$ cat model06.cif   # mmCIF, C-alpha atoms and all ligand atoms
data_input
loop_
_atom_site.group_PDB
_atom_site.id
_atom_site.type_symbol
_atom_site.label_atom_id
_atom_site.label_comp_id
_atom_site.auth_asym_id
_atom_site.auth_seq_id
_atom_site.Cartn_x
_atom_site.Cartn_y
_atom_site.Cartn_z
ATOM 1 C CA MET A 7 42.958 66.624 -75.242
ATOM 2 C CA ASP A 8 41.885 63.813 -72.946
ATOM 3 C CA GLY A 9 40.842 60.243 -73.676
ATOM 4 C CA ASN A 10 43.546 58.954 -76.027
ATOM 5 C CA GLY A 11 44.507 56.063 -73.752
ATOM 6 C CA ARG A 12 40.900 54.922 -73.304
ATOM 7 C CA TRP A 13 40.257 55.197 -77.038
ATOM 8 C CA ALA A 14 43.181 52.819 -77.651
ATOM 9 C CA LYS A 15 42.284 50.445 -74.820
ATOM 10 C CA LYS A 16 38.753 49.966 -76.190
ATOM 11 C CA ARG A 17 40.373 48.771 -79.411
ATOM 12 C CA PHE A 18 42.984 46.562 -77.688
ATOM 13 C CA LEU A 19 45.712 48.859 -79.032
ATOM 14 C CA PRO A 20 48.733 50.300 -77.193
ATOM 15 C CA ARG A 21 48.108 53.729 -75.601
ATOM 16 C CA VAL A 22 50.491 55.383 -78.064
ATOM 17 C CA ALA A 23 48.099 54.395 -80.886
ATOM 18 C CA GLY A 24 45.505 56.569 -79.162
ATOM 19 C CA HIS A 25 47.932 59.479 -79.025
ATOM 20 C CA LYS A 26 48.657 59.016 -82.754
ATOM 21 C CA GLN A 27 44.942 59.208 -83.424
ATOM 22 C CA GLY A 28 44.931 62.319 -81.245
ATOM 23 C CA VAL A 29 47.166 64.059 -83.773
ATOM 24 C CA GLU A 30 44.527 63.343 -86.446
ATOM 25 C CA ALA A 31 41.865 64.850 -84.187
ATOM 26 C CA LEU A 32 44.009 67.948 -83.692
ATOM 27 C CA ARG A 33 44.424 68.338 -87.450
ATOM 28 C CA ARG A 34 40.619 68.110 -87.867
ATOM 29 C CA THR A 35 40.034 70.561 -85.029
ATOM 30 C CA VAL A 36 42.472 73.127 -86.428
ATOM 31 C CA LYS A 37 40.579 72.960 -89.740
ATOM 32 C CA ALA A 38 37.249 73.326 -87.912
ATOM 33 C CA CYS A 39 38.576 76.371 -86.019
ATOM 34 C CA LEU A 40 39.766 77.962 -89.272
ATOM 35 C CA ASP A 41 36.330 77.320 -90.807
ATOM 36 C CA ALA A 42 34.595 78.800 -87.753
ATOM 37 C CA GLY A 43 36.773 81.924 -87.814
ATOM 38 C CA ILE A 44 38.280 81.267 -84.385
ATOM 39 C CA GLY A 45 41.415 83.300 -83.741
ATOM 40 C CA VAL A 46 43.260 81.220 -81.166
ATOM 41 C CA LEU A 47 43.342 77.508 -80.316
ATOM 42 C CA SER A 48 45.414 76.381 -77.332
ATOM 43 C CA VAL A 49 45.782 72.666 -76.680
ATOM 44 C CA PHE A 50 47.322 70.781 -73.779
ATOM 45 C CA ALA A 51 49.569 68.178 -75.400
ATOM 46 C CA PHE A 52 51.944 67.238 -72.567
ATOM 47 C CA SER A 53 51.780 68.387 -68.974
ATOM 48 C CA SER A 54 54.568 68.906 -66.445
ATOM 49 C CA GLU A 55 53.021 65.927 -64.613
ATOM 50 C CA ASN A 56 52.983 63.570 -67.633
ATOM 51 C CA TRP A 57 56.701 62.739 -67.105
ATOM 52 C CA ALA A 58 55.579 60.356 -64.355
ATOM 53 C CA ARG A 59 53.724 58.118 -66.857
ATOM 54 C CA PRO A 60 55.300 54.772 -67.843
ATOM 55 C CA PRO A 61 58.606 55.442 -69.646
ATOM 56 C CA GLU A 62 57.438 53.868 -72.916
ATOM 57 C CA GLU A 63 54.455 56.230 -73.030
ATOM 58 C CA VAL A 64 56.622 59.289 -72.274
ATOM 59 C CA SER A 65 59.085 58.337 -74.998
ATOM 60 C CA GLY A 66 56.184 57.563 -77.347
ATOM 61 C CA LEU A 67 54.742 61.057 -76.778
ATOM 62 C CA MET A 68 58.160 62.677 -77.350
ATOM 63 C CA GLU A 69 58.623 60.648 -80.523
ATOM 64 C CA LEU A 70 55.145 61.660 -81.669
ATOM 65 C CA MET A 71 55.944 65.347 -81.117
ATOM 66 C CA ALA A 72 59.110 64.976 -83.215
ATOM 67 C CA LEU A 73 57.138 63.135 -85.921
ATOM 68 C CA ALA A 74 54.305 65.660 -85.924
ATOM 69 C CA LEU A 75 56.844 68.499 -86.216
ATOM 70 C CA SER A 76 58.276 66.928 -89.364
ATOM 71 C CA ARG A 77 54.924 65.944 -90.904
ATOM 72 C CA GLU A 78 52.348 68.545 -89.896
ATOM 73 C CA VAL A 79 54.076 71.922 -89.901
ATOM 74 C CA ALA A 80 54.124 72.456 -93.698
ATOM 75 C CA GLY A 81 50.358 71.822 -93.931
ATOM 76 C CA LEU A 82 49.625 74.138 -91.019
ATOM 77 C CA HIS A 83 51.830 76.820 -92.545
ATOM 78 C CA GLN A 84 49.924 76.490 -95.832
ATOM 79 C CA GLN A 85 46.682 77.115 -93.953
ATOM 80 C CA GLY A 86 48.062 80.286 -92.385
ATOM 81 C CA VAL A 87 48.470 78.882 -88.878
ATOM 82 C CA GLN A 88 50.925 80.615 -86.523
ATOM 83 C CA ILE A 89 52.381 77.997 -84.166
ATOM 84 C CA HIS A 90 53.713 78.375 -80.622
ATOM 85 C CA PHE A 91 54.857 75.790 -78.081
ATOM 86 C CA PRO A 92 54.296 77.295 -74.629
ATOM 87 C CA GLY A 93 56.080 75.256 -71.976
ATOM 88 C CA ASP A 94 59.380 74.466 -70.326
ATOM 89 C CA THR A 95 61.825 73.454 -73.045
ATOM 90 C CA SER A 96 64.745 72.845 -70.642
ATOM 91 C CA SER A 97 64.110 69.090 -70.349
ATOM 92 C CA LEU A 98 63.110 68.414 -73.961
ATOM 93 C CA SER A 99 65.422 66.732 -76.477
ATOM 94 C CA LYS A 100 67.478 68.901 -78.846
ATOM 95 C CA ARG A 101 65.571 67.398 -81.767
ATOM 96 C CA VAL A 102 62.179 68.460 -80.366
ATOM 97 C CA VAL A 103 63.369 71.926 -79.297
ATOM 98 C CA GLU A 104 64.977 72.531 -82.688
ATOM 99 C CA GLY A 105 61.859 71.304 -84.523
ATOM 100 C CA GLN A 106 59.685 73.592 -82.421
ATOM 101 C CA ARG A 107 61.983 76.546 -83.011
ATOM 102 C CA LYS A 108 61.869 76.030 -86.789
ATOM 103 C CA ALA A 109 58.054 75.713 -86.773
ATOM 104 C CA VAL A 110 57.666 78.906 -84.736
ATOM 105 C CA GLU A 111 60.083 80.774 -87.012
ATOM 106 C CA LEU A 112 58.448 79.521 -90.242
ATOM 107 C CA THR A 113 54.899 80.388 -89.199
ATOM 108 C CA ALA A 114 55.559 83.626 -87.271
ATOM 109 C CA GLY A 115 54.003 85.846 -89.963
ATOM 110 C CA ASN A 116 50.764 83.822 -90.322
ATOM 111 C CA THR A 117 47.481 85.343 -89.193
ATOM 112 C CA ALA A 118 44.623 82.886 -89.928
ATOM 113 C CA LEU A 119 44.814 81.093 -86.557
ATOM 114 C CA VAL A 120 47.222 81.131 -83.610
ATOM 115 C CA LEU A 121 47.825 77.551 -82.457
ATOM 116 C CA ASN A 122 49.402 77.111 -79.021
ATOM 117 C CA VAL A 123 50.553 73.544 -78.512
ATOM 118 C CA CYS A 124 51.273 73.556 -74.782
ATOM 119 C CA PHE A 125 54.034 71.017 -74.327
ATOM 120 C CA ASN A 126 55.752 70.299 -71.015
ATOM 121 C CA TYR A 127 53.424 72.994 -69.750
ATOM 122 C CA GLY A 128 51.904 73.453 -66.304
ATOM 123 C CA GLY A 129 49.789 76.352 -65.071
ATOM 124 C CA ARG A 130 51.726 76.634 -61.826
ATOM 125 C CA TRP A 131 55.034 76.492 -63.677
ATOM 126 C CA ASP A 132 53.792 79.300 -65.913
ATOM 127 C CA VAL A 133 52.776 81.625 -63.051
ATOM 128 C CA CYS A 134 56.080 80.940 -61.254
ATOM 129 C CA GLN A 135 58.282 81.521 -64.303
ATOM 130 C CA ALA A 136 56.434 84.774 -65.011
ATOM 131 C CA ALA A 137 56.758 85.968 -61.414
ATOM 132 C CA ALA A 138 60.436 84.970 -61.265
ATOM 133 C CA ARG A 139 61.202 86.906 -64.441
ATOM 134 C CA ALA A 140 59.294 89.945 -63.219
ATOM 135 C CA GLN A 141 61.263 89.842 -59.975
ATOM 136 C CA ALA A 142 64.594 89.377 -61.750
ATOM 137 C CA GLN A 143 63.772 92.448 -63.841
ATOM 138 C CA GLY A 144 63.124 94.437 -60.674
ATOM 139 C CA GLU A 145 59.385 94.768 -61.299
ATOM 140 C CA VAL A 146 56.805 95.191 -58.579
ATOM 141 C CA ILE A 147 54.667 92.031 -58.675
ATOM 142 C CA THR A 148 51.333 93.151 -60.070
ATOM 143 C CA GLU A 149 48.717 91.247 -62.083
ATOM 144 C CA GLN A 150 49.916 93.062 -65.171
ATOM 145 C CA ALA A 151 53.598 92.283 -64.502
ATOM 146 C CA ILE A 152 52.767 88.561 -64.320
ATOM 147 C CA ALA A 153 50.242 88.504 -67.174
ATOM 148 C CA GLN A 154 52.756 90.137 -69.532
ATOM 149 C CA ARG A 155 55.273 87.362 -68.854
ATOM 150 C CA LEU A 156 53.049 84.292 -69.053
ATOM 151 C CA ALA A 157 53.826 81.731 -71.730
ATOM 152 C CA LEU A 158 50.645 82.763 -73.604
ATOM 153 C CA ALA A 159 51.143 86.527 -73.309
ATOM 154 C CA HIS A 160 50.877 86.764 -77.111
ATOM 155 C CA VAL A 161 47.143 85.908 -77.032
ATOM 156 C CA PRO A 162 44.129 87.123 -75.036
ATOM 157 C CA ASP A 163 42.786 84.997 -72.185
ATOM 158 C CA PRO A 164 40.689 82.067 -73.427
ATOM 159 C CA ASP A 165 36.921 82.521 -73.740
ATOM 160 C CA LEU A 166 36.054 78.840 -73.898
ATOM 161 C CA PHE A 167 37.690 75.867 -72.202
ATOM 162 C CA ILE A 168 36.835 72.436 -73.627
ATOM 163 C CA ARG A 169 37.816 69.245 -71.853
ATOM 164 C CA THR A 170 37.133 65.953 -73.572
ATOM 165 C CA GLY A 171 37.102 62.436 -72.150
ATOM 166 C CA GLY A 172 34.433 63.007 -69.487
ATOM 167 C CA GLU A 173 36.737 64.395 -66.765
ATOM 168 C CA MET A 174 35.698 67.641 -65.084
ATOM 169 C CA ARG A 175 39.004 69.064 -63.962
ATOM 170 C CA VAL A 176 41.379 71.805 -65.024
ATOM 171 C CA SER A 177 44.442 69.636 -64.301
ATOM 172 C CA ASN A 178 46.915 72.515 -64.076
ATOM 173 C CA PHE A 179 46.233 73.897 -67.558
ATOM 174 C CA LEU A 180 45.935 77.691 -67.981
ATOM 175 C CA ILE A 181 45.076 78.337 -64.339
ATOM 176 C CA TRP A 182 45.773 82.071 -64.460
ATOM 177 C CA GLN A 183 44.377 82.750 -67.923
ATOM 178 C CA MET A 184 41.147 80.804 -67.342
ATOM 179 C CA ALA A 185 39.813 83.141 -64.649
ATOM 180 C CA TYR A 186 36.761 84.008 -66.801
ATOM 181 C CA ALA A 187 36.733 81.172 -69.324
ATOM 182 C CA GLU A 188 33.454 79.381 -69.930
ATOM 183 C CA MET A 189 33.893 75.694 -69.171
ATOM 184 C CA TYR A 190 32.557 72.952 -71.445
ATOM 185 C CA PHE A 191 32.938 69.254 -70.760
ATOM 186 C CA SER A 192 32.457 66.564 -73.366
ATOM 187 C CA ASP A 193 32.304 62.795 -72.893
ATOM 188 C CA VAL A 194 33.774 62.325 -76.355
ATOM 189 C CA LEU A 195 37.275 60.839 -76.254
ATOM 190 C CA TRP A 196 39.790 63.204 -77.866
ATOM 191 C CA PRO A 197 40.579 60.937 -80.890
ATOM 192 C CA ASP A 198 36.865 61.157 -81.826
ATOM 193 C CA PHE A 199 36.744 64.970 -81.521
ATOM 194 C CA GLY A 200 36.189 67.097 -84.627
ATOM 195 C CA ALA A 201 34.009 69.700 -86.345
ATOM 196 C CA LYS A 202 30.737 68.337 -84.952
ATOM 197 C CA GLU A 203 31.908 68.353 -81.318
ATOM 198 C CA LEU A 204 33.487 71.796 -81.720
ATOM 199 C CA SER A 205 30.230 73.133 -83.068
ATOM 200 C CA LEU A 206 28.331 71.646 -80.080
ATOM 201 C CA ALA A 207 30.762 73.385 -77.722
ATOM 202 C CA LEU A 208 30.419 76.690 -79.580
ATOM 203 C CA GLY A 209 26.636 76.336 -79.440
ATOM 204 C CA ALA A 210 26.776 75.885 -75.666
ATOM 205 C CA PHE A 211 29.174 78.843 -75.387
ATOM 206 C CA ARG A 212 26.729 81.108 -77.239
ATOM 207 C CA GLN A 213 24.054 80.325 -74.654
ATOM 208 C CA ARG A 214 26.177 81.548 -71.765
ATOM 209 C CA GLU A 215 25.761 84.992 -70.266
ATOM 210 C CA ARG A 216 29.211 86.322 -69.495
ATOM 211 C CA ARG A 217 28.942 88.864 -66.726
ATOM 212 C CA PHE A 218 32.618 89.309 -65.725
ATOM 213 C CA GLY A 219 31.572 90.127 -62.175
ATOM 214 C CA LEU A 220 28.754 92.469 -63.182
ATOM 215 C CA ILE A 221 25.008 91.875 -62.958
ATOM 216 C CA SER A 222 22.790 90.943 -65.878
ATOM 217 C CA GLU A 223 21.173 94.400 -66.183
ATOM 218 C CA GLN A 224 24.564 96.045 -66.644
ATOM 219 C CA LEU A 225 25.272 94.072 -69.789
ATOM 220 C CA ASP A 226 23.283 96.321 -72.121
ATOM 221 C CA ALA A 227 24.542 98.860 -74.631
ATOM 222 C CA THR A 228 25.983 101.035 -71.861
ATOM 223 C CA ALA A 229 28.378 98.323 -70.675
ATOM 224 C CA ALA A 230 32.085 98.782 -71.353
ATOM 225 C CA PRO A 231 32.888 97.583 -74.898
ATOM 226 C CA ASP A 232 35.516 95.105 -73.717
ATOM 227 C CA VAL A 233 33.003 93.507 -71.367
ATOM 228 C CA LYS A 234 30.307 93.318 -74.043
ATOM 229 C CA ALA A 235 32.656 92.014 -76.704
ATOM 230 C CA GLY A 236 32.672 88.432 -75.446
ATOM 231 C CA THR A 237 34.899 87.440 -78.326
HETATM 232 C C1 LIG A 301 45.760 62.311 -73.726
HETATM 233 O O1 LIG A 301 44.875 61.430 -73.165
HETATM 234 C C2 LIG A 301 46.548 63.173 -72.769
HETATM 235 C C3 LIG A 301 47.971 63.302 -73.119
HETATM 236 C C4 LIG A 301 48.912 63.305 -72.217
HETATM 237 C C5 LIG A 301 48.392 63.452 -74.509
HETATM 238 P P1 LIG A 301 45.206 60.401 -72.006
HETATM 239 O O2 LIG A 301 46.506 59.740 -72.286
HETATM 240 O O3 LIG A 301 45.085 61.084 -70.686
HETATM 241 O O4 LIG A 301 44.049 59.342 -72.182
HETATM 242 P P2 LIG A 301 43.238 58.580 -71.036
HETATM 243 O O5 LIG A 301 42.756 59.596 -70.049
HETATM 244 O O6 LIG A 301 44.171 57.565 -70.427
HETATM 245 O O7 LIG A 301 42.113 57.935 -71.808
HETATM 246 MG MG MG A 302 43.668 61.293 -69.287
#
$ encode --input "model06.cif" --output "structure tokens"
Amino acid sequence: MDGNGRWAKKRFLPRVAGHKQGVEALRRTVKACLDAGIGVLSVFAFSSENWARPPEEVSGLMELMALALSREVAGLHQQGVQIHFPGDTSSLSKRVVEGQRKAVELTAGNTALVLNVCFNYGGRWDVCQAAARAQAQGEVITEQAIAQRLALAHVPDPDLFIRTGGEMRVSNFLIWQMAYAEMYFSDVLWPDFGAKELSLALGAFRQRERRFGLISEQLDATAAPDVKAGT
């Protein structure tokens, strides 16, 4: 969800105002995903690297998470959204961790959309924590042993990766899970994102031929169902 700071700067507002507007964009995008019948939405809200931002921005983002937890969860629950907060909770405030725990517990039975709000998340952190747990449990390190322990093990790997704000980088998001994700880059700043931009991204996604290492001719009716599915 990139471009909040630039959105605010263009309006001579503090960066945190852009992040606040980003929450609105997320609410719109969740609704658009529900309308489009999408099963899983994973967003990058705060990265392991974001701690190095100016202290007032870091505290503003933490405050915003606490605020969003108290204001947004009931509405999401009503819409049937199941919420998760993949990330390292060890350095988050008690208030945030407790709010997250309550939101996860409240929405655990919902099935309309799985929303992963990655918070204090980093792709490298995720692979390491998964590998460390596998090792501690005496497992041989295999792809499966790691994949089963990743912070997003409750959902399939993403099909579509959208980055807003004109940057063309992965920036340590779901580095393991994105092995076969289709990448889509939008110049739109995150606070301006919504149903229209999501539909543009989905349109681009539908044009892609997903070969998963195979060749085009193999992707006919005889191809393995999981390869053809392209869900
Ligand atoms: C949001 O956008 C990313 C978050 C950490 C929430 P940015 O804060 O990176 O906005 P820009 O890139 O400065 O415009
Ligand atoms: Mg940015």
$ resolve_selection --input "model06.cif" --expression "the PyMOL selection byres (((not hetatm)) within 10 of (chain A and resi 302))" --output "compact mmCIF listing (two decimals) with C-alpha atoms, keeping the file's coordinate frame"
# COMPACT_ATOMS: atom_id res chain seq x y z
CA MET A 7 42.96 66.62 -75.24
CA ASP A 8 41.88 63.81 -72.95
CA GLY A 9 40.84 60.24 -73.68
CA ASN A 10 43.55 58.95 -76.03
CA GLY A 11 44.51 56.06 -73.75
CA ARG A 12 40.90 54.92 -73.30
CA ASN A 56 52.98 63.57 -67.63
CA THR A 170 37.13 65.95 -73.57
CA GLY A 171 37.10 62.44 -72.15
CA GLY A 172 34.43 63.01 -69.49
CA GLU A 173 36.74 64.40 -66.76
CA SER A 177 44.44 69.64 -64.30
CA LEU A 195 37.28 60.84 -76.25
CA TRP A 196 39.79 63.20 -77.87
$ axis_aligned_box --input "model06.cif" --around "region 35-51 of chain A" --padding-each-side "5 Å" --output "AutoDock Vina command-line options"
--center_x 42.1 --center_y 75.7 --center_z -82.3 --size_x 25.0 --size_y 25.1 --size_z 27.0
$ resolve_selection --input "model06.cif" --expression "the PyMOL selection byres (((chain A and resi 130) around 9) and not hetatm)" --output "MDAnalysis selection string"
chainID A and resid 127:129 131:135 178:182
$ write_last_selection --input "model06.cif" --atoms "C-alpha atoms" --output "short mmCIF file (atom, residue, chain, number, x, y, z; two decimals), keeping the file's coordinate frame"
data_model
loop_
_atom_site.label_atom_id
_atom_site.label_comp_id
_atom_site.auth_asym_id
_atom_site.auth_seq_id
_atom_site.Cartn_x
_atom_site.Cartn_y
_atom_site.Cartn_z
CA TYR A 127 53.42 72.99 -69.75
CA GLY A 128 51.90 73.45 -66.30
CA GLY A 129 49.79 76.35 -65.07
CA TRP A 131 55.03 76.49 -63.68
CA ASP A 132 53.79 79.30 -65.91
CA VAL A 133 52.78 81.62 -63.05
CA CYS A 134 56.08 80.94 -61.25
CA GLN A 135 58.28 81.52 -64.30
CA ASN A 178 46.92 72.52 -64.08
CA PHE A 179 46.23 73.90 -67.56
CA LEU A 180 45.94 77.69 -67.98
CA ILE A 181 45.08 78.34 -64.34
CA TRP A 182 45.77 82.07 -64.46
#
$ atom_distance --input "model06.cif" --atom1 "CA of Ile147 (chain A)" --atom2 "CA of Leu220 (chain A)"
26.3 Å
$ residues_around --input "model06.cif" --residues "region 185-194 of chain A" --least-positions-apart "6" --cutoff "8 Å" --atoms "only C-alpha atoms" --output "list in words"
Gly9, Asp163, Pro164, Asp165, Leu166, Phe167, Ile168, Arg169, Thr170, Gly171, Gly172, Glu173, Met174, Ala207, Ala210, Phe211, Arg214 and Phe218 of chain A
$ write_last_selection --input "model06.cif" --atoms "C-alpha atoms" --output "short mmCIF file (atom, residue, chain, number, x, y, z; two decimals), keeping the file's coordinate frame"
data_model
loop_
_atom_site.label_atom_id
_atom_site.label_comp_id
_atom_site.auth_asym_id
_atom_site.auth_seq_id
_atom_site.Cartn_x
_atom_site.Cartn_y
_atom_site.Cartn_z
CA GLY A 9 40.84 60.24 -73.68
CA ASP A 163 42.79 85.00 -72.18
CA PRO A 164 40.69 82.07 -73.43
CA ASP A 165 36.92 82.52 -73.74
CA LEU A 166 36.05 78.84 -73.90
CA PHE A 167 37.69 75.87 -72.20
CA ILE A 168 36.84 72.44 -73.63
CA ARG A 169 37.82 69.24 -71.85
CA THR A 170 37.13 65.95 -73.57
CA GLY A 171 37.10 62.44 -72.15
CA GLY A 172 34.43 63.01 -69.49
CA GLU A 173 36.74 64.40 -66.76
CA MET A 174 35.70 67.64 -65.08
CA ALA A 207 30.76 73.39 -77.72
CA ALA A 210 26.78 75.89 -75.67
CA PHE A 211 29.17 78.84 -75.39
CA ARG A 214 26.18 81.55 -71.76
CA PHE A 218 32.62 89.31 -65.72
#
$ build_atoms --input "model06.cif" --residues "region 18-27 of chain A" --atoms "all heavy atoms" --output "short mmCIF file (atom, residue, chain, number, x, y, z; two decimals), in the frame of the given file"
data_model
loop_
_atom_site.label_atom_id
_atom_site.label_comp_id
_atom_site.auth_asym_id
_atom_site.auth_seq_id
_atom_site.Cartn_x
_atom_site.Cartn_y
_atom_site.Cartn_z
N PHE A 18 41.89 47.49 -78.01
CA PHE A 18 42.98 46.56 -77.69
C PHE A 18 44.28 47.00 -78.37
O PHE A 18 45.05 46.19 -78.87
CB PHE A 18 42.62 45.11 -78.06
CG PHE A 18 41.33 44.67 -77.45
CD1 PHE A 18 40.15 44.67 -78.16
CD2 PHE A 18 41.30 44.28 -76.11
CE1 PHE A 18 38.94 44.30 -77.58
CE2 PHE A 18 40.10 43.91 -75.51
CZ PHE A 18 38.92 43.92 -76.24
N LEU A 19 44.49 48.30 -78.43
CA LEU A 19 45.71 48.86 -79.03
C LEU A 19 46.59 49.46 -77.93
O LEU A 19 46.08 49.79 -76.85
CB LEU A 19 45.34 49.97 -80.02
CG LEU A 19 44.57 49.56 -81.28
CD1 LEU A 19 44.02 50.77 -82.02
CD2 LEU A 19 45.47 48.73 -82.21
N PRO A 20 47.89 49.62 -78.19
CA PRO A 20 48.73 50.30 -77.19
C PRO A 20 48.31 51.76 -77.04
O PRO A 20 47.78 52.36 -77.99
CB PRO A 20 50.14 50.20 -77.76
CG PRO A 20 49.97 49.87 -79.20
CD PRO A 20 48.65 49.19 -79.37
N ARG A 21 48.54 52.35 -75.87
CA ARG A 21 48.11 53.73 -75.60
C ARG A 21 48.64 54.72 -76.64
O ARG A 21 47.96 55.67 -77.02
CB ARG A 21 48.57 54.16 -74.20
CG ARG A 21 47.87 53.42 -73.05
CD ARG A 21 48.39 53.91 -71.71
NE ARG A 21 48.20 55.34 -71.56
CZ ARG A 21 47.06 55.92 -71.13
NH1 ARG A 21 46.04 55.16 -70.80
NH2 ARG A 21 46.97 57.22 -71.02
N VAL A 22 49.88 54.46 -77.10
CA VAL A 22 50.49 55.38 -78.06
C VAL A 22 49.66 55.47 -79.35
O VAL A 22 49.60 56.52 -80.00
CB VAL A 22 51.97 54.98 -78.35
CG1 VAL A 22 52.55 55.82 -79.47
CG2 VAL A 22 52.81 55.17 -77.09
N ALA A 23 48.97 54.37 -79.70
CA ALA A 23 48.10 54.40 -80.89
C ALA A 23 46.98 55.42 -80.69
O ALA A 23 46.56 56.09 -81.63
CB ALA A 23 47.53 53.01 -81.14
N GLY A 24 46.52 55.56 -79.47
CA GLY A 24 45.50 56.57 -79.16
C GLY A 24 46.06 57.98 -79.32
O GLY A 24 45.39 58.87 -79.84
N HIS A 25 47.30 58.16 -78.88
CA HIS A 25 47.93 59.48 -79.03
C HIS A 25 48.11 59.82 -80.51
O HIS A 25 47.93 60.96 -80.91
CB HIS A 25 49.27 59.52 -78.30
CG HIS A 25 49.15 59.34 -76.80
ND1 HIS A 25 48.23 60.04 -76.05
CD2 HIS A 25 49.83 58.55 -75.93
CE1 HIS A 25 48.34 59.67 -74.77
NE2 HIS A 25 49.30 58.78 -74.67
N LYS A 26 48.50 58.79 -81.30
CA LYS A 26 48.66 59.02 -82.75
C LYS A 26 47.34 59.48 -83.34
O LYS A 26 47.30 60.40 -84.15
CB LYS A 26 49.09 57.72 -83.45
CG LYS A 26 50.56 57.48 -83.37
CD LYS A 26 51.02 56.47 -84.44
CE LYS A 26 52.50 56.23 -84.28
NZ LYS A 26 52.83 54.80 -84.16
N GLN A 27 46.26 58.83 -82.94
CA GLN A 27 44.94 59.21 -83.42
C GLN A 27 44.59 60.62 -82.94
O GLN A 27 43.86 61.34 -83.61
CB GLN A 27 43.91 58.17 -82.94
CG GLN A 27 42.72 58.02 -83.84
CD GLN A 27 43.08 57.65 -85.27
OE1 GLN A 27 43.96 56.82 -85.49
NE2 GLN A 27 42.44 58.27 -86.24
#
